[in-house]
Amino acid sequence: MSSQIIVIGGSGRIGKSFCSLIDSKNKFQIINIDPYCRTLDCNNKNLNIEAKLDSLESAELVLNNIFRKNNKLNIKGIINLSRSSISKEELLIENSEIINNVNTQIKGLNCLLHLMLDKKILHDCSIVHMGSLNARSVSHQPVFYHYLKGAIESASRAIAYKLAPLNVRSNVVIAGLVSDPSFKLTEKQINIQRSSIPLSSGPPTINDISNLIYFLISNKSKSI
């Protein structure tokens, strides 16, 4: 039986890079959960589920779709790459916007884990969340964005503690500045990057982050 990697939000830059890396290994089935996943290529082995994971109902729908494709599951990794959609920079934002981001960034994954526990298919795997340096330092981002990323870190610690008896690990990738050719940076922004990261190689690339996530779901990180 092949193992599965669940990717939540795989249509973003990091998601596409990570899925491409997993495909090159030819060891896992990718299960991508994303409302925009129609833009992704999908072969017969992998599974794209066009859904927004933000509630218990959507988590049930997702699991039902997964079971239609697989009689048995052997989940080795769950990668939470859900992206924030905070449109304003004011101190206060609309309650609906707060709820939407909490649901997609935290609640959806929590509901999925709850159902997987009930079905006894959550064990011996690694959970990786995409965090942000904004959980630990201030920036131009809205105040709520800092709250949200801090909550993701706290939730990851709690998940790691609660699920450790099942040999389930939970980690957060805090990338900070990322080098991406699609970003058009000003000279000032480039200088900030250079002064913030002392490595002569500069900030990590999208592929560097993908390789780190792959390490965190592999047995090489079984004690992390």
# chains A, B, ... in the order shown; residues from 1 in each chain; ligands from 1
>>> residues_around(residues="Phe215 (chain A)", least_positions_apart="2", cutoff="12 Å", atoms="only C-alpha atoms", output="PyMOL selection string")
chain A and resi 18+21-22+77+126-128+171+173+208-213+217-224
>>> write_last_selection(atoms="N, CA and C atoms", output="CSV table (one decimal), in the first residue's frame")
chain,number,residue,atom,x,y,z
A,18,PHE,N,6.5,22.1,-3.6
A,18,PHE,CA,6.6,20.9,-2.8
A,18,PHE,C,6.0,19.7,-3.5
A,21,LEU,N,8.3,18.3,-5.9
A,21,LEU,CA,9.4,17.6,-5.3
A,21,LEU,C,8.9,16.2,-4.9
A,22,ILE,N,7.7,16.1,-4.3
A,22,ILE,CA,7.1,14.8,-3.9
A,22,ILE,C,6.9,13.9,-5.2
A,77,GLY,N,2.2,12.3,6.0
A,77,GLY,CA,2.5,13.8,6.3
A,77,GLY,C,1.2,14.6,6.0
A,126,SER,N,3.8,13.0,10.3
A,126,SER,CA,4.3,14.3,10.6
A,126,SER,C,3.4,15.4,10.1
A,127,ILE,N,3.1,16.4,10.9
A,127,ILE,CA,2.3,17.5,10.5
A,127,ILE,C,3.3,18.7,10.4
A,128,VAL,N,3.2,19.5,9.3
A,128,VAL,CA,4.0,20.7,9.1
A,128,VAL,C,3.1,21.8,8.8
A,171,ASN,N,5.4,20.4,13.5
A,171,ASN,CA,6.4,21.4,13.5
A,171,ASN,C,5.9,22.6,12.6
A,173,VAL,N,7.3,25.7,10.1
A,173,VAL,CA,8.3,26.3,9.3
A,173,VAL,C,8.2,27.8,9.3
A,208,ASP,N,14.1,25.7,-1.4
A,208,ASP,CA,14.7,25.4,-0.1
A,208,ASP,C,13.7,25.1,1.0
A,209,ILE,N,12.6,25.8,1.0
A,209,ILE,CA,11.5,25.6,1.9
A,209,ILE,C,10.8,24.2,1.6
A,210,SER,N,10.7,23.9,0.4
A,210,SER,CA,10.1,22.6,0.0
A,210,SER,C,11.0,21.4,0.5
A,211,ASN,N,12.3,21.6,0.4
A,211,ASN,CA,13.2,20.6,0.9
A,211,ASN,C,13.1,20.4,2.4
A,212,LEU,N,13.0,21.5,3.1
A,212,LEU,CA,12.9,21.5,4.5
A,212,LEU,C,11.6,20.8,5.0
A,213,ILE,N,10.5,21.1,4.3
A,213,ILE,CA,9.2,20.4,4.6
A,213,ILE,C,9.3,18.9,4.3
A,217,ILE,N,8.8,15.6,7.1
A,217,ILE,CA,7.9,14.5,7.0
A,217,ILE,C,8.6,13.2,6.8
A,218,SER,N,9.9,13.2,6.7
A,218,SER,CA,10.7,12.0,6.5
A,218,SER,C,11.1,11.4,7.8
A,219,ASN,N,11.6,10.2,7.8
A,219,ASN,CA,12.0,9.5,9.0
A,219,ASN,C,13.3,10.1,9.5
A,220,LYS,N,14.0,10.9,8.7
A,220,LYS,CA,15.2,11.5,9.1
A,220,LYS,C,15.0,12.6,10.2
A,221,SER,N,13.7,13.0,10.4
A,221,SER,CA,13.4,14.0,11.4
A,221,SER,C,12.5,13.4,12.5
A,222,LYS,N,12.6,12.1,12.7
A,222,LYS,CA,11.7,11.4,13.6
A,222,LYS,C,11.8,11.8,15.0
A,223,SER,N,12.8,12.5,15.4
A,223,SER,CA,12.9,12.9,16.8
A,223,SER,C,12.7,14.4,16.9
A,224,ILE,N,12.3,15.1,15.9
A,224,ILE,CA,12.1,16.5,15.9
A,224,ILE,C,10.6,16.9,16.0
>>> closest_atom_pairs(of="region 21-87 of chain A", to="region 152-163 of chain A", cutoff="12 Å", atoms="only C-alpha atoms", output="Markdown table")
| residue | atom | partner | partner_atom | distance |
| --- | --- | --- | --- | --- |
| A:Ile79 | CA | A:Ser156 | CA | 12.0 |
| A:Asn80 | CA | A:Ile152 | CA | 10.2 |
| A:Leu81 | CA | A:Ile152 | CA | 11.5 |
| A:Ser82 | CA | A:Ile152 | CA | 11.1 |
| A:Ser84 | CA | A:Ile152 | CA | 11.8 |
>>> write_last_selection(atoms="C-alpha atoms", output="PDB file, in the first residue's frame")
ATOM      1  CA  ILE A  79       1.219  19.930   5.213  1.00  0.00           C
ATOM      2  CA  ASN A  80      -0.823  23.012   6.116  1.00  0.00           C
ATOM      3  CA  LEU A  81      -0.069  25.686   3.521  1.00  0.00           C
ATOM      4  CA  SER A  82      -3.362  27.565   3.893  1.00  0.00           C
ATOM      5  CA  SER A  84      -4.091  34.281   4.823  1.00  0.00           C
TER       6      SER A  84
END
>>> select_by_dssp(residues="region 24-98 of chain A", states="helix (DSSP H, G or I)", output="list of chain:residue names")
A:Ser24, A:Lys25, A:Cys37, A:Arg38, A:Thr39, A:Leu56, A:Glu57, A:Ser58, A:Ala59, A:Glu60, A:Leu61, A:Val62, A:Leu63, A:Asn64, A:Asn65, A:Ile66, A:Phe67, A:Arg68, A:Lys69, A:Asn95, A:Ser96, A:Glu97, A:Ile98
>>> closest_residue(among="A:Ser11, A:Ser17, A:Asn32, A:Ser196", to="Leu47 (chain A)", atoms="only C-alpha atoms")
A:Asn32
>>> residues_around(residues="region 52-67 of chain A", least_positions_apart="4", cutoff="7 Å", atoms="only C-alpha atoms", output="PyMOL selection string")
chain A and resi 34-35+71+103-104+107-108+111-112
>>> residues_around(residues="region 179-193 of chain A", least_positions_apart="5", cutoff="12 Å", atoms="only C-alpha atoms", output="list in words")
Arg13, Ile14, Ser17, Pro198, Leu199, Ser200, Ser201, Gly202, Pro203, Pro204, Thr205, Ile206, Asn207, Asp208 and Ile209 of chain A
>>> residues_around(residues="Phe28 (chain A)", least_positions_apart="5", cutoff="8 Å", atoms="only C-alpha atoms", output="list in words")
Ser2, Ser3, Gln4, Ile5, Ile22 and Asp23 of chain A
>>> select_by_dssp(residues="chain A", states="strand (DSSP E)", output="PyMOL selection string")
chain A and resi 3-8+28-33+47-49+75-80+125-130+168-173
>>> closest_residue(among="A:Asn46, A:Gly176, A:Gly10, A:Pro142", to="Asn26 (chain A)", atoms="only C-alpha atoms")
A:Asn46
>>> closest_residue(among="A:Leu148, A:Val172, A:Leu122, A:Ala164", to="Ser85 (chain A)", atoms="only C-alpha atoms")
A:Leu148
>>> atom_distance(atom1="CA of Lys25 (chain A)", atom2="CA of Ala51 (chain A)")
26.0 Å
>>> residues_around(residues="Ser139 (chain A)", least_positions_apart="6", cutoff="12 Å", atoms="only C-alpha atoms", output="count of residues only")
7
